[in-house]
file data_6.txt (compact mmCIF, C-alpha atoms)
# COMPACT_ATOMS: atom_id res chain seq x y z
CA MET S 1 10.76 8.12 -15.15
CA ILE S 2 9.09 6.05 -12.45
CA ASP S 3 8.23 2.60 -13.78
CA PHE S 4 4.79 2.01 -12.27
CA VAL S 5 3.75 -0.57 -14.84
CA GLY S 6 6.99 -2.53 -14.51
CA LYS S 7 6.41 -2.82 -10.76
CA ARG S 8 2.76 -3.76 -11.12
CA HIS S 9 3.28 -7.21 -9.63
CA TRP S 10 4.10 -5.53 -6.31
CA PHE S 11 0.90 -3.49 -6.46
CA PHE S 12 -1.12 -6.57 -7.37
CA LEU S 13 0.46 -8.52 -4.51
CA GLY S 14 -0.35 -5.82 -1.96
CA SER S 15 -3.92 -5.56 -3.21
CA ALA S 16 -4.34 -9.33 -3.26
CA ILE S 17 -3.26 -9.59 0.39
CA ALA S 18 -5.61 -6.78 1.44
CA VAL S 19 -8.54 -8.26 -0.50
CA VAL S 20 -7.96 -11.77 0.90
CA VAL S 21 -7.88 -10.42 4.46
CA ALA S 22 -11.05 -8.40 3.78
CA ILE S 23 -12.89 -11.38 2.29
CA PHE S 24 -11.85 -13.56 5.23
CA ALA S 25 -13.14 -10.92 7.67
CA LEU S 26 -16.43 -10.63 5.78
CA GLY S 27 -16.83 -14.40 5.69
CA ALA S 28 -15.84 -14.97 9.31
CA PHE S 29 -17.46 -11.96 10.98
CA GLY S 30 -19.80 -10.37 8.46
CA LEU S 31 -21.03 -6.80 8.66
CA ARG S 32 -22.94 -5.81 11.77
CA PRO S 33 -26.19 -4.22 10.57
CA GLY S 34 -27.46 -1.06 12.24
CA ILE S 35 -31.10 -0.19 12.77
CA ASP S 36 -31.40 1.02 9.16
CA PHE S 37 -30.93 -2.59 8.02
CA SER S 38 -32.11 -4.65 10.99
CA GLY S 39 -34.77 -2.44 12.57
CA GLY S 40 -34.68 -0.86 16.01
CA THR S 41 -34.68 2.41 17.91
CA SER S 42 -32.06 5.13 18.17
CA MET S 43 -32.12 8.02 20.64
CA THR S 44 -29.83 10.89 21.50
CA LEU S 45 -30.09 11.63 25.21
CA ARG S 46 -28.80 14.45 27.40
CA PHE S 47 -28.49 13.97 31.16
CA GLU S 48 -28.60 16.70 33.81
CA PRO S 49 -26.42 16.20 35.79
CA GLN S 50 -23.95 14.37 33.56
CA VAL S 51 -23.49 10.61 33.92
CA GLU S 52 -20.57 8.36 33.03
CA GLN S 53 -20.82 6.06 30.05
CA GLY S 54 -20.04 3.01 32.18
CA GLU S 55 -22.84 3.91 34.59
CA LEU S 56 -25.29 4.36 31.71
CA ARG S 57 -24.25 1.04 30.18
CA GLN S 58 -24.78 -0.71 33.52
CA ALA S 59 -28.20 0.94 33.93
CA MET S 60 -29.23 -0.29 30.48
CA ALA S 61 -28.02 -3.80 31.32
CA ASP S 62 -30.04 -3.75 34.54
CA TYR S 63 -33.05 -2.63 32.52
CA GLY S 64 -32.61 -5.66 30.25
CA SER S 65 -31.04 -4.00 27.19
CA THR S 66 -27.66 -5.72 27.36
CA ASP S 67 -27.25 -5.41 23.57
CA ALA S 68 -27.72 -1.62 23.50
CA ILE S 69 -25.05 0.32 21.59
CA ILE S 70 -24.03 3.47 23.49
CA GLN S 71 -21.80 6.15 22.00
CA LYS S 72 -20.82 9.43 23.60
CA SER S 73 -20.98 12.62 21.51
CA GLY S 74 -19.83 15.61 23.51
CA ASP S 75 -22.13 15.82 26.51
CA ASP S 76 -24.80 13.65 24.87
CA TYR S 77 -25.25 9.92 24.36
CA LEU S 78 -26.36 8.20 21.17
CA MET S 79 -28.12 4.92 21.97
CA ARG S 80 -29.17 2.16 19.56
CA LEU S 81 -31.31 -0.68 20.83
CA LYS S 82 -34.13 -3.00 19.85
CA LEU S 83 -37.40 -1.61 18.52
CA LEU S 84 -39.32 0.16 21.32
CA SER S 85 -42.92 1.22 21.44
CA LEU S 86 -43.81 4.65 22.80
CA GLU S 87 -44.82 3.09 26.09
CA GLU S 88 -41.52 1.19 26.35
CA ARG S 89 -39.59 4.35 25.53
CA GLU S 90 -41.34 6.31 28.28
CA ALA S 91 -40.77 3.48 30.73
CA LEU S 92 -37.06 3.45 29.86
CA LEU S 93 -36.75 7.22 30.30
CA THR S 94 -38.54 7.04 33.64
CA THR S 95 -36.17 4.29 34.77
CA LEU S 96 -33.11 6.33 33.78
CA GLN S 97 -34.43 9.43 35.55
CA THR S 98 -35.04 7.40 38.69
CA GLU S 99 -31.64 5.72 38.44
CA PHE S 100 -29.62 8.92 38.07
CA GLY S 101 -31.91 11.31 39.94
CA GLY S 102 -31.89 14.01 37.29
CA GLU S 103 -33.48 15.11 34.05
CA VAL S 104 -33.20 13.14 30.80
CA THR S 105 -33.86 15.05 27.58
CA VAL S 106 -34.50 13.28 24.28
CA LEU S 107 -32.71 15.31 21.59
CA ASP S 108 -33.39 12.91 18.74
CA TYR S 109 -35.56 9.82 18.35
CA ASN S 110 -35.86 7.43 15.43
CA THR S 111 -37.40 4.02 14.89
CA VAL S 112 -37.18 1.66 11.92
CA SER S 113 -39.43 -1.39 11.61
CA PRO S 114 -37.88 -4.70 10.48
CA SER S 115 -39.86 -4.68 7.21
CA ILE S 116 -38.61 -1.19 6.29
CA ALA S 117 -35.08 -2.18 7.31
CA THR S 118 -35.19 -5.21 4.98
CA GLU S 119 -36.37 -3.05 2.10
CA THR S 120 -33.64 -0.50 2.84
CA ALA S 121 -30.97 -3.21 2.75
CA ARG S 122 -32.29 -4.51 -0.56
CA GLN S 123 -32.40 -1.05 -2.11
CA ALA S 124 -28.88 -0.31 -0.88
CA GLY S 125 -27.53 -3.46 -2.50
CA LEU S 126 -29.32 -2.68 -5.76
CA ALA S 127 -27.93 0.86 -5.70
CA LEU S 128 -24.37 -0.45 -5.55
CA VAL S 129 -24.98 -3.01 -8.30
CA PHE S 130 -26.70 -0.54 -10.64
CA ALA S 131 -24.01 2.09 -10.01
CA SER S 132 -21.28 -0.39 -10.94
CA ILE S 133 -23.09 -1.52 -14.10
CA ALA S 134 -23.74 2.09 -15.13
CA MET S 135 -20.06 2.93 -14.64
CA LEU S 136 -19.01 -0.07 -16.73
CA LEU S 137 -21.29 0.90 -19.60
CA TYR S 138 -20.28 4.56 -19.37
CA ILE S 139 -16.56 3.83 -19.57
CA ALA S 140 -17.05 1.28 -22.37
CA TRP S 141 -19.00 3.90 -24.36
CA SER S 142 -16.57 6.74 -23.58
CA PHE S 143 -13.61 4.68 -24.80
CA ARG S 144 -15.48 2.92 -27.61
CA LYS S 145 -12.85 3.99 -30.17
CA MET S 146 -10.13 2.20 -28.22
CA PRO S 147 -9.39 -1.49 -28.81
CA SER S 148 -11.56 -3.70 -26.57
CA PRO S 149 -13.46 -0.91 -24.75
CA LEU S 150 -15.17 -3.41 -22.45
CA LYS S 151 -11.75 -4.31 -21.06
CA TRP S 152 -11.26 -0.68 -20.07
CA GLY S 153 -14.60 -0.62 -18.29
CA THR S 154 -14.01 -3.98 -16.64
CA CYS S 155 -10.60 -2.92 -15.30
CA ALA S 156 -12.18 0.20 -13.81
CA ILE S 157 -14.91 -1.89 -12.15
CA VAL S 158 -12.34 -4.38 -10.80
CA ALA S 159 -10.52 -1.46 -9.16
CA LEU S 160 -13.87 -0.24 -7.82
CA VAL S 161 -14.82 -3.63 -6.36
CA HIS S 162 -11.31 -3.84 -4.88
CA ASN S 163 -12.00 -0.60 -2.96
CA ILE S 164 -15.45 -1.62 -1.74
CA VAL S 165 -14.28 -5.04 -0.55
CA ILE S 166 -11.37 -3.56 1.43
CA VAL S 167 -13.57 -0.93 3.11
CA ALA S 168 -16.27 -3.51 3.88
CA GLY S 169 -13.65 -5.89 5.28
CA LEU S 170 -12.32 -3.17 7.56
CA PHE S 171 -15.83 -2.55 8.91
CA ALA S 172 -16.34 -6.28 9.42
CA ILE S 173 -13.23 -6.24 11.63
CA LEU S 174 -14.43 -3.11 13.44
CA GLY S 175 -17.84 -4.70 13.93
CA LYS S 176 -16.23 -7.73 15.55
CA THR S 177 -13.73 -5.85 17.70
CA ARG S 178 -15.58 -2.62 18.55
CA GLY S 179 -19.23 -3.35 17.79
CA VAL S 180 -19.36 -0.89 14.88
CA GLU S 181 -22.60 -1.12 12.89
CA VAL S 182 -23.21 -0.28 9.24
CA ASP S 183 -26.19 1.87 8.33
CA ALA S 184 -27.50 4.01 5.48
CA LEU S 185 -24.59 6.43 5.92
CA PHE S 186 -22.22 3.52 5.29
CA ILE S 187 -23.89 2.89 1.91
CA THR S 188 -23.76 6.63 1.19
CA GLY S 189 -20.04 6.54 1.88
CA LEU S 190 -19.55 3.56 -0.44
CA LEU S 191 -21.45 5.30 -3.25
CA THR S 192 -19.28 8.37 -2.73
CA ILE S 193 -16.20 6.16 -3.07
CA VAL S 194 -17.66 4.70 -6.28
CA GLY S 195 -17.97 8.15 -7.84
CA TYR S 196 -14.58 9.37 -6.64
CA THR S 197 -12.72 6.26 -7.78
CA ILE S 198 -14.32 6.24 -11.21
CA ASN S 199 -13.53 9.93 -11.62
CA ASN S 200 -9.83 9.32 -10.91
CA THR S 201 -9.74 6.25 -13.15
CA VAL S 202 -11.38 8.06 -16.06
CA VAL S 203 -8.80 10.87 -15.78
CA VAL S 204 -5.97 8.33 -16.09
CA PHE S 205 -7.68 6.41 -18.91
CA ASP S 206 -8.39 9.63 -20.77
CA ARG S 207 -4.70 10.53 -20.64
CA VAL S 208 -3.87 7.04 -21.93
CA ARG S 209 -6.23 7.61 -24.84
CA GLU S 210 -4.62 10.98 -25.62
CA ASN S 211 -1.12 9.53 -25.50
CA ARG S 212 -2.09 6.63 -27.75
CA SER S 213 -3.49 9.08 -30.31
CA LYS S 214 -0.19 11.00 -30.14
CA GLY S 215 1.69 7.80 -30.89
CA ILE S 216 4.02 8.01 -27.89
CA SER S 217 4.76 4.31 -28.19
CA PRO S 218 3.19 1.24 -29.79
CA ASP S 219 3.74 -0.49 -26.44
CA LEU S 220 0.62 -0.06 -24.28
CA GLY S 221 2.71 -0.54 -21.13
CA ILE S 222 4.90 2.46 -21.94
CA THR S 223 1.86 4.56 -22.87
CA VAL S 224 0.05 3.71 -19.62
CA ASN S 225 3.17 4.36 -17.55
CA CYS S 226 3.67 7.78 -19.17
CA SER S 227 0.03 8.58 -18.49
CA LEU S 228 0.34 7.57 -14.83
CA VAL S 229 3.41 9.76 -14.38
CA GLU S 230 1.71 12.72 -16.10
CA THR S 231 -1.40 12.47 -13.92
CA LEU S 232 0.45 11.67 -10.69
CA VAL S 233 0.78 15.27 -9.48
CA ARG S 234 -2.85 16.04 -10.31
CA THR S 235 -4.08 12.91 -8.51
CA VAL S 236 -1.92 13.49 -5.42
CA ASN S 237 -2.91 17.16 -5.14
CA THR S 238 -6.61 16.42 -5.57
CA SER S 239 -6.53 13.56 -3.08
CA LEU S 240 -4.53 15.45 -0.47
CA THR S 241 -6.81 18.48 -0.49
CA THR S 242 -9.86 16.23 -0.18
CA LEU S 243 -8.27 14.10 2.53
CA CYS S 244 -7.35 17.19 4.57
CA VAL S 245 -11.02 18.12 4.78
CA ILE S 246 -12.02 14.54 5.55
CA LEU S 247 -9.34 14.27 8.24
CA ALA S 248 -10.58 17.47 9.91
CA LEU S 249 -14.11 16.04 9.99
CA LEU S 250 -12.75 12.74 11.28
CA LEU S 251 -11.01 14.47 14.17
CA PHE S 252 -13.61 17.11 15.04
CA GLY S 253 -16.88 15.99 13.47
CA GLY S 254 -18.21 14.13 16.50
CA SER S 255 -19.17 10.52 17.05
CA THR S 256 -22.49 10.72 15.19
CA ILE S 257 -20.82 10.89 11.78
CA TYR S 258 -17.43 9.45 12.78
CA TYR S 259 -17.77 6.11 10.99
CA PHE S 260 -19.31 7.69 7.90
CA ILE S 261 -16.26 9.95 7.66
CA LEU S 262 -14.03 6.94 8.29
CA VAL S 263 -15.60 5.20 5.28
CA LEU S 264 -14.78 8.25 3.17
CA PHE S 265 -11.24 8.55 4.53
CA VAL S 266 -10.26 4.93 3.97
CA GLY S 267 -12.18 4.75 0.70
CA LEU S 268 -10.46 7.82 -0.73
CA LEU S 269 -7.04 6.48 0.22
CA VAL S 270 -7.70 3.08 -1.32
CA GLY S 271 -9.50 4.64 -4.30
CA THR S 272 -6.57 6.90 -5.12
CA TYR S 273 -4.24 3.91 -4.93
CA SER S 274 -6.36 1.67 -7.13
CA SER S 275 -7.09 4.27 -9.80
CA MET S 276 -3.35 4.83 -10.23
CA PHE S 277 -1.78 1.46 -9.58
CA ILE S 278 -4.46 -1.15 -10.24
CA ALA S 279 -6.78 -0.12 -13.11
CA GLY S 280 -4.11 0.96 -15.62
CA PRO S 281 -1.56 -1.80 -14.92
CA LEU S 282 -4.38 -4.36 -14.96
CA LEU S 283 -5.40 -3.12 -18.43
CA VAL S 284 -1.80 -3.58 -19.63
CA THR S 285 -1.64 -7.10 -18.22
CA TRP S 286 -4.96 -8.03 -19.85
CA GLU S 287 -4.14 -6.53 -23.24
CA LYS S 288 -0.71 -8.21 -23.34
CA ARG S 289 -2.06 -11.43 -21.81
CA GLU S 290 0.79 -11.46 -19.32
CA TRP S 291 -1.10 -13.09 -16.47
CA GLY S 292 1.46 -15.88 -16.20
CA LEU S 293 4.36 -13.41 -16.09
CA VAL S 294 2.73 -11.33 -13.37
CA LEU S 295 1.85 -14.40 -11.30
CA SER S 296 5.40 -15.72 -11.57
CA ARG S 297 6.76 -12.37 -10.40
CA ILE S 298 4.31 -12.32 -7.50
CA ARG S 299 5.43 -15.81 -6.45
CA ALA S 300 9.08 -14.74 -6.72
CA ALA S 301 8.37 -11.64 -4.61
CA ARG S 302 6.67 -13.74 -1.92
CA GLN S 303 9.61 -16.17 -1.83
CA THR S 304 12.05 -13.27 -1.56
CA ASN S 305 10.16 -11.90 1.43
call {"tool": "encode", "arguments": {"input": "data_6.txt", "output": "structure tokens"}}
result
Amino acid sequence: MIDFVGKRHWFFLGSAIAVVVAIFALGAFGLRPGIDFSGGTSMTLRFEPQVEQGELRQAMADYGSTDAIIQKSGDDYLMRLKLLSLEEREALLTTLQTEFGGEVTVLDYNTVSPSIATETARQAGLALVFASIAMLLYIAWSFRKMPSPLKWGTCAIVALVHNIVIVAGLFAILGKTRGVEVDALFITGLLTIVGYTINNTVVVFDRVRENRSKGISPDLGITVNCSLVETLVRTVNTSLTTLCVILALLLFGGSTIYYFILVLFVGLLVGTYSSMFIAGPLLVTWEKREWGLVLSRIRAARQTN
């Protein structure tokens, strides 16, 4: 039998490194807010005849919008820039038509005022907080007949926060290196990760509860390890089938939803890992109060490497 629990210090070490890097990226770079959170204008434009992205970027810089975000989606361009009035939008379109000597068609147009963007950001943060609290209370109630049910819920939430921090850290790095912005779809992706991770964690915890009632072993570590092995095939199969769909969307879904799908892809990978190798082993460590043992093994592993 694979000894997942016995190797938990390796899993904790890998997660600790990833979380530290993510926190550093968030602290140093921060997340780059899109128009949903900072206000602004987004437009999807089609040019006849076609223009190159570099030429369009230069035309926008000449117009004075040096901070415009331009993404190509097939034959169209998705542009994000500061808040424009209707008159400013028409002036911009006229300038582009004159510059490229063709027709410019607006396929999609959206504006968000700064006040609405601030409210959206606040509501998004509250949604994540309330979702986490609700999950904690739900798991504590579901496993209320187990010793220390709040520990079970807390371990699940720690695994959940672990996932969110890593995904957010990745997008902080992408924001710094590639100018990637976070928007309402980013929050939607995080909430999807919350639900998926908790679902996987509850499946594992439920098997732990069943095995404890069967009296497999008085040792919680052995019980959790047996439960992880028993649910491994189910977790891998479920994750792989989901990730195949996500990967197809990532490759062929287009640039408009690319980063939303990327949130889901990375979040599902990390969520599958944490629900198997973080939540359960963390519960064992907490119940046995083996923090010192785990930390000593982590230090030994670092010295070995």
call {"tool": "closest_atom_pairs", "arguments": {"input": "data_6.txt", "of": "segment 164-202 of chain S", "to": "segment 77-82 of chain S", "cutoff": "12 Å", "atoms": "only C-alpha atoms", "output": "JSON lines"}}
result
{"residue": "S:Gly179", "atom": "CA", "partner": "S:Arg80", "partner_atom": "CA", "distance": 11.5}
{"residue": "S:Val180", "atom": "CA", "partner": "S:Arg80", "partner_atom": "CA", "distance": 11.3}
{"residue": "S:Glu181", "atom": "CA", "partner": "S:Arg80", "partner_atom": "CA", "distance": 9.9}
{"residue": "S:Asp183", "atom": "CA", "partner": "S:Arg80", "partner_atom": "CA", "distance": 11.6}
call {"tool": "residues_around", "arguments": {"input": "data_6.txt", "residues": "Val266 of chain S", "least_positions_apart": "6", "cutoff": "12 Å", "atoms": "all atoms listed in the file", "output": "ChimeraX atom specification"}}
result
/S:163-171,189-190,192-193,239,243,246-247,250,259-260,272-273
call {"tool": "residues_around", "arguments": {"input": "data_6.txt", "residues": "Phe47 of chain S", "least_positions_apart": "5", "cutoff": "10 Å", "atoms": "only C-alpha atoms", "output": "PyMOL selection string"}}
result
chain S and resi 52+75-77+96-97+100-106
call {"tool": "residues_around", "arguments": {"input": "data_6.txt", "residues": "segment 29-33 of chain S", "least_positions_apart": "4", "cutoff": "6 Å", "atoms": "only C-alpha atoms", "output": "list in words"}}
result
Ala25, Phe37, Ser38, Ala172, Gly175, Glu181 and Val182 of chain S
call {"tool": "residues_around", "arguments": {"input": "data_6.txt", "residues": "segment 276-291 of chain S", "least_positions_apart": "6", "cutoff": "6 Å", "atoms": "only C-alpha atoms", "output": "list in words"}}
result
Val5, Cys155, Ala156, Ala159 and Gly221 of chain S
call {"tool": "decode", "arguments": {"input": "data_6.txt", "residues": "segment 209-222 of chain S", "atoms": "all heavy atoms", "output": "PDB file, in the first residue's frame"}}
result
ATOM      1  N   ARG S 209     -14.396   8.653   7.599  1.00  0.00           N
ATOM      2  CA  ARG S 209     -15.437   8.408   8.602  1.00  0.00           C
ATOM      3  C   ARG S 209     -15.950   6.972   8.521  1.00  0.00           C
ATOM      4  O   ARG S 209     -16.125   6.306   9.559  1.00  0.00           O
ATOM      5  CB  ARG S 209     -16.590   9.390   8.400  1.00  0.00           C
ATOM      6  CG  ARG S 209     -17.770   9.160   9.324  1.00  0.00           C
ATOM      7  CD  ARG S 209     -18.790  10.263   9.199  1.00  0.00           C
ATOM      8  NE  ARG S 209     -19.263  10.432   7.828  1.00  0.00           N
ATOM      9  CZ  ARG S 209     -20.103  11.404   7.449  1.00  0.00           C
ATOM     10  NH1 ARG S 209     -20.525  12.280   8.344  1.00  0.00           N
ATOM     11  NH2 ARG S 209     -20.491  11.499   6.192  1.00  0.00           N
ATOM     12  N   GLU S 210     -16.178   6.474   7.310  1.00  0.00           N
ATOM     13  CA  GLU S 210     -16.651   5.105   7.152  1.00  0.00           C
ATOM     14  C   GLU S 210     -15.632   4.102   7.685  1.00  0.00           C
ATOM     15  O   GLU S 210     -15.995   3.136   8.374  1.00  0.00           O
ATOM     16  CB  GLU S 210     -16.930   4.823   5.670  1.00  0.00           C
ATOM     17  CG  GLU S 210     -18.123   5.563   5.103  1.00  0.00           C
ATOM     18  CD  GLU S 210     -18.320   5.257   3.632  1.00  0.00           C
ATOM     19  OE1 GLU S 210     -17.573   4.407   3.098  1.00  0.00           O
ATOM     20  OE2 GLU S 210     -19.220   5.867   3.019  1.00  0.00           O
ATOM     21  N   ASN S 211     -14.363   4.327   7.376  1.00  0.00           N
ATOM     22  CA  ASN S 211     -13.330   3.393   7.810  1.00  0.00           C
ATOM     23  C   ASN S 211     -13.114   3.435   9.323  1.00  0.00           C
ATOM     24  O   ASN S 211     -12.784   2.414   9.934  1.00  0.00           O
ATOM     25  CB  ASN S 211     -12.017   3.680   7.077  1.00  0.00           C
ATOM     26  CG  ASN S 211     -12.059   3.234   5.622  1.00  0.00           C
ATOM     27  OD1 ASN S 211     -12.841   2.358   5.256  1.00  0.00           O
ATOM     28  ND2 ASN S 211     -11.237   3.845   4.786  1.00  0.00           N
ATOM     29  N   ARG S 212     -13.319   4.601   9.921  1.00  0.00           N
ATOM     30  CA  ARG S 212     -13.222   4.679  11.381  1.00  0.00           C
ATOM     31  C   ARG S 212     -14.372   3.915  12.027  1.00  0.00           C
ATOM     32  O   ARG S 212     -14.195   3.247  13.054  1.00  0.00           O
ATOM     33  CB  ARG S 212     -13.218   6.126  11.854  1.00  0.00           C
ATOM     34  CG  ARG S 212     -11.975   6.901  11.493  1.00  0.00           C
ATOM     35  CD  ARG S 212     -11.763   8.113  12.379  1.00  0.00           C
ATOM     36  NE  ARG S 212     -11.339   7.731  13.713  1.00  0.00           N
ATOM     37  CZ  ARG S 212     -10.953   8.597  14.655  1.00  0.00           C
ATOM     38  NH1 ARG S 212     -10.946   9.883  14.393  1.00  0.00           N
ATOM     39  NH2 ARG S 212     -10.582   8.184  15.831  1.00  0.00           N
ATOM     40  N   SER S 213     -15.568   4.008  11.441  1.00  0.00           N
ATOM     41  CA  SER S 213     -16.708   3.274  11.996  1.00  0.00           C
ATOM     42  C   SER S 213     -16.537   1.767  11.825  1.00  0.00           C
ATOM     43  O   SER S 213     -17.054   0.980  12.630  1.00  0.00           O
ATOM     44  CB  SER S 213     -18.008   3.731  11.328  1.00  0.00           C
ATOM     45  OG  SER S 213     -18.005   3.401   9.942  1.00  0.00           O
ATOM     46  N   LYS S 214     -15.789   1.346  10.798  1.00  0.00           N
ATOM     47  CA  LYS S 214     -15.511  -0.079  10.601  1.00  0.00           C
ATOM     48  C   LYS S 214     -14.408  -0.584  11.527  1.00  0.00           C
ATOM     49  O   LYS S 214     -14.208  -1.801  11.641  1.00  0.00           O
ATOM     50  CB  LYS S 214     -15.095  -0.333   9.142  1.00  0.00           C
ATOM     51  CG  LYS S 214     -16.203  -0.087   8.123  1.00  0.00           C
ATOM     52  CD  LYS S 214     -15.672  -0.295   6.713  1.00  0.00           C
ATOM     53  CE  LYS S 214     -16.749  -0.021   5.668  1.00  0.00           C
ATOM     54  NZ  LYS S 214     -16.221  -0.157   4.279  1.00  0.00           N
ATOM     55  N   GLY S 215     -13.696   0.353  12.146  1.00  0.00           N
ATOM     56  CA  GLY S 215     -12.632  -0.045  13.062  1.00  0.00           C
ATOM     57  C   GLY S 215     -11.424  -0.619  12.357  1.00  0.00           C
ATOM     58  O   GLY S 215     -10.811  -1.573  12.860  1.00  0.00           O
ATOM     59  N   ILE S 216     -11.070  -0.056  11.196  1.00  0.00           N
ATOM     60  CA  ILE S 216      -9.901  -0.556  10.465  1.00  0.00           C
ATOM     61  C   ILE S 216      -8.644  -0.491  11.325  1.00  0.00           C
ATOM     62  O   ILE S 216      -7.844  -1.424  11.362  1.00  0.00           O
ATOM     63  CB  ILE S 216      -9.716   0.247   9.166  1.00  0.00           C
ATOM     64  CG1 ILE S 216     -10.791  -0.143   8.150  1.00  0.00           C
ATOM     65  CG2 ILE S 216      -8.335   0.012   8.568  1.00  0.00           C
ATOM     66  CD1 ILE S 216     -10.677   0.572   6.839  1.00  0.00           C
ATOM     67  N   SER S 217      -8.485   0.611  12.034  1.00  0.00           N
ATOM     68  CA  SER S 217      -7.317   0.758  12.901  1.00  0.00           C
ATOM     69  C   SER S 217      -7.602   1.883  13.894  1.00  0.00           C
ATOM     70  O   SER S 217      -8.250   2.881  13.536  1.00  0.00           O
ATOM     71  CB  SER S 217      -6.063   1.089  12.082  1.00  0.00           C
ATOM     72  OG  SER S 217      -4.983   1.409  12.929  1.00  0.00           O
ATOM     73  N   PRO S 218      -7.111   1.744  15.133  1.00  0.00           N
ATOM     74  CA  PRO S 218      -7.249   2.853  16.080  1.00  0.00           C
ATOM     75  C   PRO S 218      -6.344   4.033  15.727  1.00  0.00           C
ATOM     76  O   PRO S 218      -6.514   5.133  16.253  1.00  0.00           O
ATOM     77  CB  PRO S 218      -6.842   2.217  17.421  1.00  0.00           C
ATOM     78  CG  PRO S 218      -5.951   1.078  17.049  1.00  0.00           C
ATOM     79  CD  PRO S 218      -6.488   0.558  15.746  1.00  0.00           C
ATOM     80  N   ASP S 219      -5.373   3.784  14.854  1.00  0.00           N
ATOM     81  CA  ASP S 219      -4.441   4.830  14.425  1.00  0.00           C
ATOM     82  C   ASP S 219      -5.086   5.638  13.305  1.00  0.00           C
ATOM     83  O   ASP S 219      -5.371   5.098  12.225  1.00  0.00           O
ATOM     84  CB  ASP S 219      -3.136   4.188  13.949  1.00  0.00           C
ATOM     85  CG  ASP S 219      -2.040   5.222  13.691  1.00  0.00           C
ATOM     86  OD1 ASP S 219      -2.373   6.353  13.288  1.00  0.00           O
ATOM     87  OD2 ASP S 219      -0.859   4.908  13.888  1.00  0.00           O
ATOM     88  N   LEU S 220      -5.303   6.943  13.550  1.00  0.00           N
ATOM     89  CA  LEU S 220      -5.935   7.790  12.537  1.00  0.00           C
ATOM     90  C   LEU S 220      -5.095   7.860  11.275  1.00  0.00           C
ATOM     91  O   LEU S 220      -5.634   7.919  10.166  1.00  0.00           O
ATOM     92  CB  LEU S 220      -6.159   9.199  13.096  1.00  0.00           C
ATOM     93  CG  LEU S 220      -6.801  10.211  12.130  1.00  0.00           C
ATOM     94  CD1 LEU S 220      -8.186   9.749  11.703  1.00  0.00           C
ATOM     95  CD2 LEU S 220      -6.863  11.605  12.759  1.00  0.00           C
ATOM     96  N   GLY S 221      -3.770   7.829  11.414  1.00  0.00           N
ATOM     97  CA  GLY S 221      -2.900   7.893  10.244  1.00  0.00           C
ATOM     98  C   GLY S 221      -3.124   6.729   9.304  1.00  0.00           C
ATOM     99  O   GLY S 221      -3.200   6.896   8.087  1.00  0.00           O
ATOM    100  N   ILE S 222      -3.259   5.530   9.843  1.00  0.00           N
ATOM    101  CA  ILE S 222      -3.508   4.349   9.019  1.00  0.00           C
ATOM    102  C   ILE S 222      -4.885   4.450   8.367  1.00  0.00           C
ATOM    103  O   ILE S 222      -5.061   4.128   7.183  1.00  0.00           O
ATOM    104  CB  ILE S 222      -3.397   3.074   9.876  1.00  0.00           C
ATOM    105  CG1 ILE S 222      -1.963   2.898  10.371  1.00  0.00           C
ATOM    106  CG2 ILE S 222      -3.850   1.854   9.077  1.00  0.00           C
ATOM    107  CD1 ILE S 222      -1.769   1.719  11.297  1.00  0.00           C
TER     108      ILE S 222
END
